[in-house]
Amino acid sequence: MQFLMFVGTVRDSTPPAPARLGVRVSRACEAFFARHFDTHTVGLIDPLDYELGPVFKPHFAYTKSEVPAPLQTLAEKIEAADGYIMVSPEYNHSMSPALANLLNHFGSSLFAYKPGVIVTYSAGQWGGMRAAVAMRTFLAELGCLPVSAMIHVPHAQDVFDEDGAVQSGGDARRWQAYFGRPLAQMVWWAEAAQAQRARIDPHEMVRDFKRDPSQRNAPRTPKPEA
């Protein structure tokens with residue numbers, strides 16, 4: 001199976017130091033995933049690789065002939081993936097605005113009926129757990145249902161080096177187990193979802209909302225005549 005991991009940091013400045021701490025955490029996730037699930041692949045998606053421009057125009061708002069090639073390529077990767085790993089810092093008790101901006105460029109039907117893992121981190125003691133709470137509802141709205149176990153990394157700059165390896169003095173075995181649990185949940189659900197999608201196309205069974213937001217509304221009850 002194929003998985004995508006989204007890096008949720010673009011702030012290349014200090015303090016806090018080091019800049020783009022999430023890259024270390026993402027590399028650690030890649031290493032742990034490869035160690036436990038070497039029959040599957042995980043691709044890294046970095047927001048800095050995509051020029052989204054100052055004006056927000058999502059992928060689904062373009063005609064097929066107009067859509068920028070990088071945006072179309074990423075849309076195809078998202079649709080082809082079997083699950084997602086979302087790595088985010090915590091900004092003002094919420095997820096990374098850069099990550100939210102990138103994900104909001106794509107319709108929920110690309111993510112739907114697939115599992116995800118929430119990974120948060122911080123330079124301080126909380127590990128981004130408050131951002132993780134907000135991410136649950138965000139990802140659920142995309143249809144990318146997060147598994148129950150999450151990963152929180154406090155003081156990430158002291159845990160992982162630039163290559164994502166556990167630094168000297170850290171308990172690599174415990175980190176392996178800690179990362180392994182939510183990743184195993186994601187793989188289990190992804191295998192189940194892949195098999196079910198092959199049996200029944202969920203987009204045919206449950207029609208996607210594509211015309212108007214009012215499609216989500218409950219039926220209106222007619223007012224009684226006076």
# chains A, B, ... in the order shown; residues from 1 in each chain; ligands from 1
call {"tool": "closest_atom_pairs", "arguments": {"of": "region 124-207 of chain A", "to": "region 98-115 of chain A", "cutoff": "6 Å", "atoms": "only C-alpha atoms", "output": "tab-separated table"}}
result
residue	atom	partner	partner_atom	distance
A:Leu142	CA	A:Ser108	CA	4.3
A:Gly143	CA	A:Ala112	CA	4.0
A:Cys144	CA	A:Phe111	CA	5.3
A:Leu145	CA	A:Pro115	CA	4.8
A:Pro146	CA	A:Pro115	CA	5.6
A:Met186	CA	A:Pro115	CA	5.8
call {"tool": "write_last_selection", "arguments": {"atoms": "C-alpha atoms", "output": "mmCIF file, in the first residue's frame"}}
result
data_model
loop_
_atom_site.group_PDB
_atom_site.id
_atom_site.type_symbol
_atom_site.label_atom_id
_atom_site.label_comp_id
_atom_site.auth_asym_id
_atom_site.auth_seq_id
_atom_site.Cartn_x
_atom_site.Cartn_y
_atom_site.Cartn_z
ATOM 1 C CA LEU A 142 -12.041 15.507 5.081
ATOM 2 C CA GLY A 143 -13.184 11.910 5.521
ATOM 3 C CA CYS A 144 -9.652 10.943 6.534
ATOM 4 C CA LEU A 145 -10.622 9.283 9.797
ATOM 5 C CA PRO A 146 -7.823 9.461 12.388
ATOM 6 C CA MET A 186 -3.444 2.951 10.469
#
call {"tool": "select_by_dssp", "arguments": {"residues": "region 33-117 of chain A", "states": "strand (DSSP E)", "output": "PyMOL selection string"}}
result
chain A and resi 41-45+83-88+114-117
call {"tool": "residues_around", "arguments": {"residues": "Asp163 (chain A)", "least_positions_apart": "5", "cutoff": "8 Å", "atoms": "only C-alpha atoms", "output": "PDB file with N, CA and C atoms, in the first residue's frame"}}
result
ATOM      1  N   ARG A  24      12.480  16.983  11.394  1.00  0.00           N
ATOM      2  CA  ARG A  24      13.088  15.906  12.183  1.00  0.00           C
ATOM      3  C   ARG A  24      12.045  14.859  12.563  1.00  0.00           C
ATOM      4  N   ARG A  27      11.043  12.780   9.559  1.00  0.00           N
ATOM      5  CA  ARG A  27      12.062  11.781   9.218  1.00  0.00           C
ATOM      6  C   ARG A  27      12.054  10.624  10.203  1.00  0.00           C
ATOM      7  N   ALA A  28      11.783  10.923  11.460  1.00  0.00           N
ATOM      8  CA  ALA A  28      11.665   9.855  12.453  1.00  0.00           C
ATOM      9  C   ALA A  28      10.488   8.946  12.112  1.00  0.00           C
TER      10      ALA A  28
END
call {"tool": "residues_around", "arguments": {"residues": "Met150 (chain A)", "least_positions_apart": "6", "cutoff": "9 Å", "atoms": "only C-alpha atoms", "output": "list in words"}}
result
Val117, Ile118, Val119, Thr120, Met129, Ala132, Phe179, Arg181, Pro182 and Leu183 of chain A
call {"tool": "write_last_selection", "arguments": {"atoms": "C-alpha atoms", "output": "compact mmCIF listing (two decimals), in the first residue's frame"}}
result
# COMPACT_ATOMS: atom_id res chain seq x y z
CA VAL A 117 -2.45 9.21 12.01
CA ILE A 118 -2.07 12.48 13.91
CA VAL A 119 1.52 13.34 14.87
CA THR A 120 2.19 16.54 16.81
CA MET A 129 -1.49 17.71 22.05
CA ALA A 132 -4.12 17.21 17.94
CA PHE A 179 5.43 5.23 17.16
CA ARG A 181 1.16 1.52 17.88
CA PRO A 182 -0.68 4.27 15.94
CA LEU A 183 1.10 3.37 12.70
call {"tool": "closest_residue", "arguments": {"among": "A:Ile85, A:Arg220, A:Ile200, A:Asp208", "to": "Phe33 (chain A)", "atoms": "only C-alpha atoms"}}
result
A:Ile85
call {"tool": "residues_around", "arguments": {"residues": "region 60-73 of chain A", "least_positions_apart": "2", "cutoff": "9 Å", "atoms": "only C-alpha atoms", "output": "ChimeraX atom specification"}}
result
/A:49-52,57-58,75-78,105-107
call {"tool": "write_last_selection", "arguments": {"atoms": "N, CA and C atoms", "output": "compact mmCIF listing (two decimals), in the first residue's frame"}}
result
# COMPACT_ATOMS: atom_id res chain seq x y z
N ASP A 49 7.23 22.80 -1.23
CA ASP A 49 7.39 22.36 -2.61
C ASP A 49 6.25 22.83 -3.51
N TYR A 50 5.26 23.53 -2.93
CA TYR A 50 4.08 23.92 -3.71
C TYR A 50 3.86 25.42 -3.59
N GLU A 51 3.87 26.10 -4.74
CA GLU A 51 3.61 27.53 -4.80
C GLU A 51 2.10 27.73 -4.94
N LEU A 52 1.46 28.01 -3.81
CA LEU A 52 0.01 28.09 -3.80
C LEU A 52 -0.50 29.51 -4.08
N LYS A 57 -7.23 29.47 -4.31
CA LYS A 57 -8.07 28.82 -5.32
C LYS A 57 -7.80 27.33 -5.25
N PRO A 58 -8.75 26.57 -4.75
CA PRO A 58 -8.52 25.13 -4.56
C PRO A 58 -8.47 24.36 -5.86
N ALA A 75 -2.93 16.08 -6.20
CA ALA A 75 -4.29 15.54 -6.10
C ALA A 75 -4.32 14.06 -6.47
N GLU A 76 -3.58 13.69 -7.48
CA GLU A 76 -3.53 12.29 -7.90
C GLU A 76 -2.84 11.43 -6.85
N LYS A 77 -1.80 11.98 -6.20
CA LYS A 77 -1.13 11.24 -5.14
C LYS A 77 -2.07 11.03 -3.95
N ILE A 78 -2.81 12.07 -3.58
CA ILE A 78 -3.75 11.96 -2.47
C ILE A 78 -4.82 10.91 -2.76
N HIS A 105 -6.90 22.83 -0.10
CA HIS A 105 -6.91 22.97 -1.56
C HIS A 105 -7.54 21.77 -2.26
N PHE A 106 -7.90 20.74 -1.50
CA PHE A 106 -8.38 19.51 -2.13
C PHE A 106 -9.71 19.09 -1.53
N GLY A 107 -10.57 18.54 -2.38
CA GLY A 107 -11.87 18.09 -1.94
C GLY A 107 -11.77 16.88 -1.03
call {"tool": "atom_distance", "arguments": {"atom1": "CA of Pro97 (chain A)", "atom2": "CA of Val153 (chain A)"}}
result
19.1 Å
call {"tool": "residues_around", "arguments": {"residues": "Ser88 (chain A)", "least_positions_apart": "6", "cutoff": "7 Å", "atoms": "only C-alpha atoms", "output": "PyMOL selection string"}}
result
chain A and resi 7-9+22+95-96+119-121
call {"tool": "write_last_selection", "arguments": {"atoms": "N, CA and C atoms", "output": "mmCIF file, in the first residue's frame"}}
result
data_model
loop_
_atom_site.group_PDB
_atom_site.id
_atom_site.type_symbol
_atom_site.label_atom_id
_atom_site.label_comp_id
_atom_site.auth_asym_id
_atom_site.auth_seq_id
_atom_site.Cartn_x
_atom_site.Cartn_y
_atom_site.Cartn_z
ATOM 1 N N VAL A 7 4.146 17.227 5.959
ATOM 2 C CA VAL A 7 4.920 18.010 6.917
ATOM 3 C C VAL A 7 4.189 19.328 7.151
ATOM 4 N N GLY A 8 3.944 19.670 8.399
ATOM 5 C CA GLY A 8 3.130 20.847 8.704
ATOM 6 C C GLY A 8 3.905 22.067 9.124
ATOM 7 N N THR A 9 5.145 22.224 8.677
ATOM 8 C CA THR A 9 5.924 23.380 9.092
ATOM 9 C C THR A 9 6.578 24.046 7.890
ATOM 10 N N GLY A 22 9.686 20.201 12.618
ATOM 11 C CA GLY A 22 8.841 19.112 12.141
ATOM 12 C C GLY A 22 9.507 18.215 11.119
ATOM 13 N N MET A 95 -3.747 23.535 14.896
ATOM 14 C CA MET A 95 -2.817 22.925 13.960
ATOM 15 C C MET A 95 -2.104 23.987 13.132
ATOM 16 N N SER A 96 -1.090 23.578 12.438
ATOM 17 C CA SER A 96 -0.318 24.468 11.588
ATOM 18 C C SER A 96 -1.197 25.087 10.504
ATOM 19 N N VAL A 119 0.208 13.232 14.217
ATOM 20 C CA VAL A 119 1.516 13.344 14.869
ATOM 21 C C VAL A 119 1.742 14.816 15.184
ATOM 22 N N THR A 120 1.912 15.159 16.443
ATOM 23 C CA THR A 120 2.195 16.541 16.814
ATOM 24 C C THR A 120 3.468 16.599 17.643
ATOM 25 N N TYR A 121 4.034 17.775 17.708
ATOM 26 C CA TYR A 121 5.297 17.945 18.421
ATOM 27 C C TYR A 121 5.406 19.389 18.897
#
call {"tool": "atom_distance", "arguments": {"atom1": "CA of Gln185 (chain A)", "atom2": "CA of Phe37 (chain A)"}}
result
11.8 Å
call {"tool": "residues_around", "arguments": {"residues": "Trp175 (chain A)", "least_positions_apart": "6", "cutoff": "12 Å", "atoms": "only C-alpha atoms", "output": "list in words"}}
result
Val25, Ala28, Cys29, Ala31, Phe32, Ile151, His152, Val153, Val159, Phe160, Gly164, Ala165, Val166, Gln167, Arg181 and Pro182 of chain A
call {"tool": "atom_distance", "arguments": {"atom1": "CA of Trp189 (chain A)", "atom2": "CA of Arg130 (chain A)"}}
result
24.6 Å
call {"tool": "select_by_dssp", "arguments": {"residues": "region 93-148 of chain A", "states": "helix (DSSP H, G or I)", "output": "PyMOL selection string"}}
result
chain A and resi 97-103+108-111+129-142
call {"tool": "write_last_selection", "arguments": {"atoms": "C-alpha atoms", "output": "short mmCIF file (atom, residue, chain, number, x, y, z; two decimals), in the first residue's frame"}}
result
data_model
loop_
_atom_site.label_atom_id
_atom_site.label_comp_id
_atom_site.auth_asym_id
_atom_site.auth_seq_id
_atom_site.Cartn_x
_atom_site.Cartn_y
_atom_site.Cartn_z
CA PRO A 97 -1.96 27.04 9.29
CA ALA A 98 0.39 25.94 6.51
CA LEU A 99 -0.85 22.37 6.78
CA ALA A 100 -4.50 23.43 6.92
CA ASN A 101 -4.00 25.69 3.90
CA LEU A 102 -2.45 22.90 1.83
CA LEU A 103 -5.11 20.33 2.76
CA SER A 108 -12.70 15.67 0.82
CA SER A 109 -13.57 12.93 -1.67
CA LEU A 110 -9.84 12.46 -2.35
CA PHE A 111 -9.17 11.65 1.32
CA MET A 129 -1.49 17.71 22.05
CA ARG A 130 -3.92 20.64 21.97
CA ALA A 131 -3.41 20.94 18.23
CA ALA A 132 -4.12 17.21 17.94
CA VAL A 133 -7.56 17.68 19.47
CA ALA A 134 -8.45 20.24 16.80
CA MET A 135 -6.99 18.06 14.06
CA ARG A 136 -9.41 15.24 14.81
CA THR A 137 -12.43 17.25 13.70
CA PHE A 138 -10.56 18.76 10.74
CA LEU A 139 -9.46 15.39 9.37
CA ALA A 140 -12.83 13.78 10.05
CA GLU A 141 -14.44 16.47 7.87
CA LEU A 142 -12.04 15.51 5.08
#
call {"tool": "closest_residue", "arguments": {"among": "A:Tyr178, A:Trp188, A:Phe56, A:Phe3", "to": "Gly83 (chain A)", "atoms": "only C-alpha atoms"}}
result
A:Phe3
call {"tool": "closest_residue", "arguments": {"among": "A:Gly53, A:Gly169, A:Gly116, A:Gly180", "to": "Phe6 (chain A)", "atoms": "only C-alpha atoms"}}
result
A:Gly116
call {"tool": "closest_residue", "arguments": {"among": "A:Gln176, A:Thr14, A:Gln215, A:Ser168", "to": "Glu30 (chain A)", "atoms": "only C-alpha atoms"}}
result
A:Gln176
call {"tool": "closest_residue", "arguments": {"among": "A:Ala218, A:Lys223, A:Ala198, A:Ala190", "to": "Val147 (chain A)", "atoms": "only C-alpha atoms"}}
result
A:Ala190
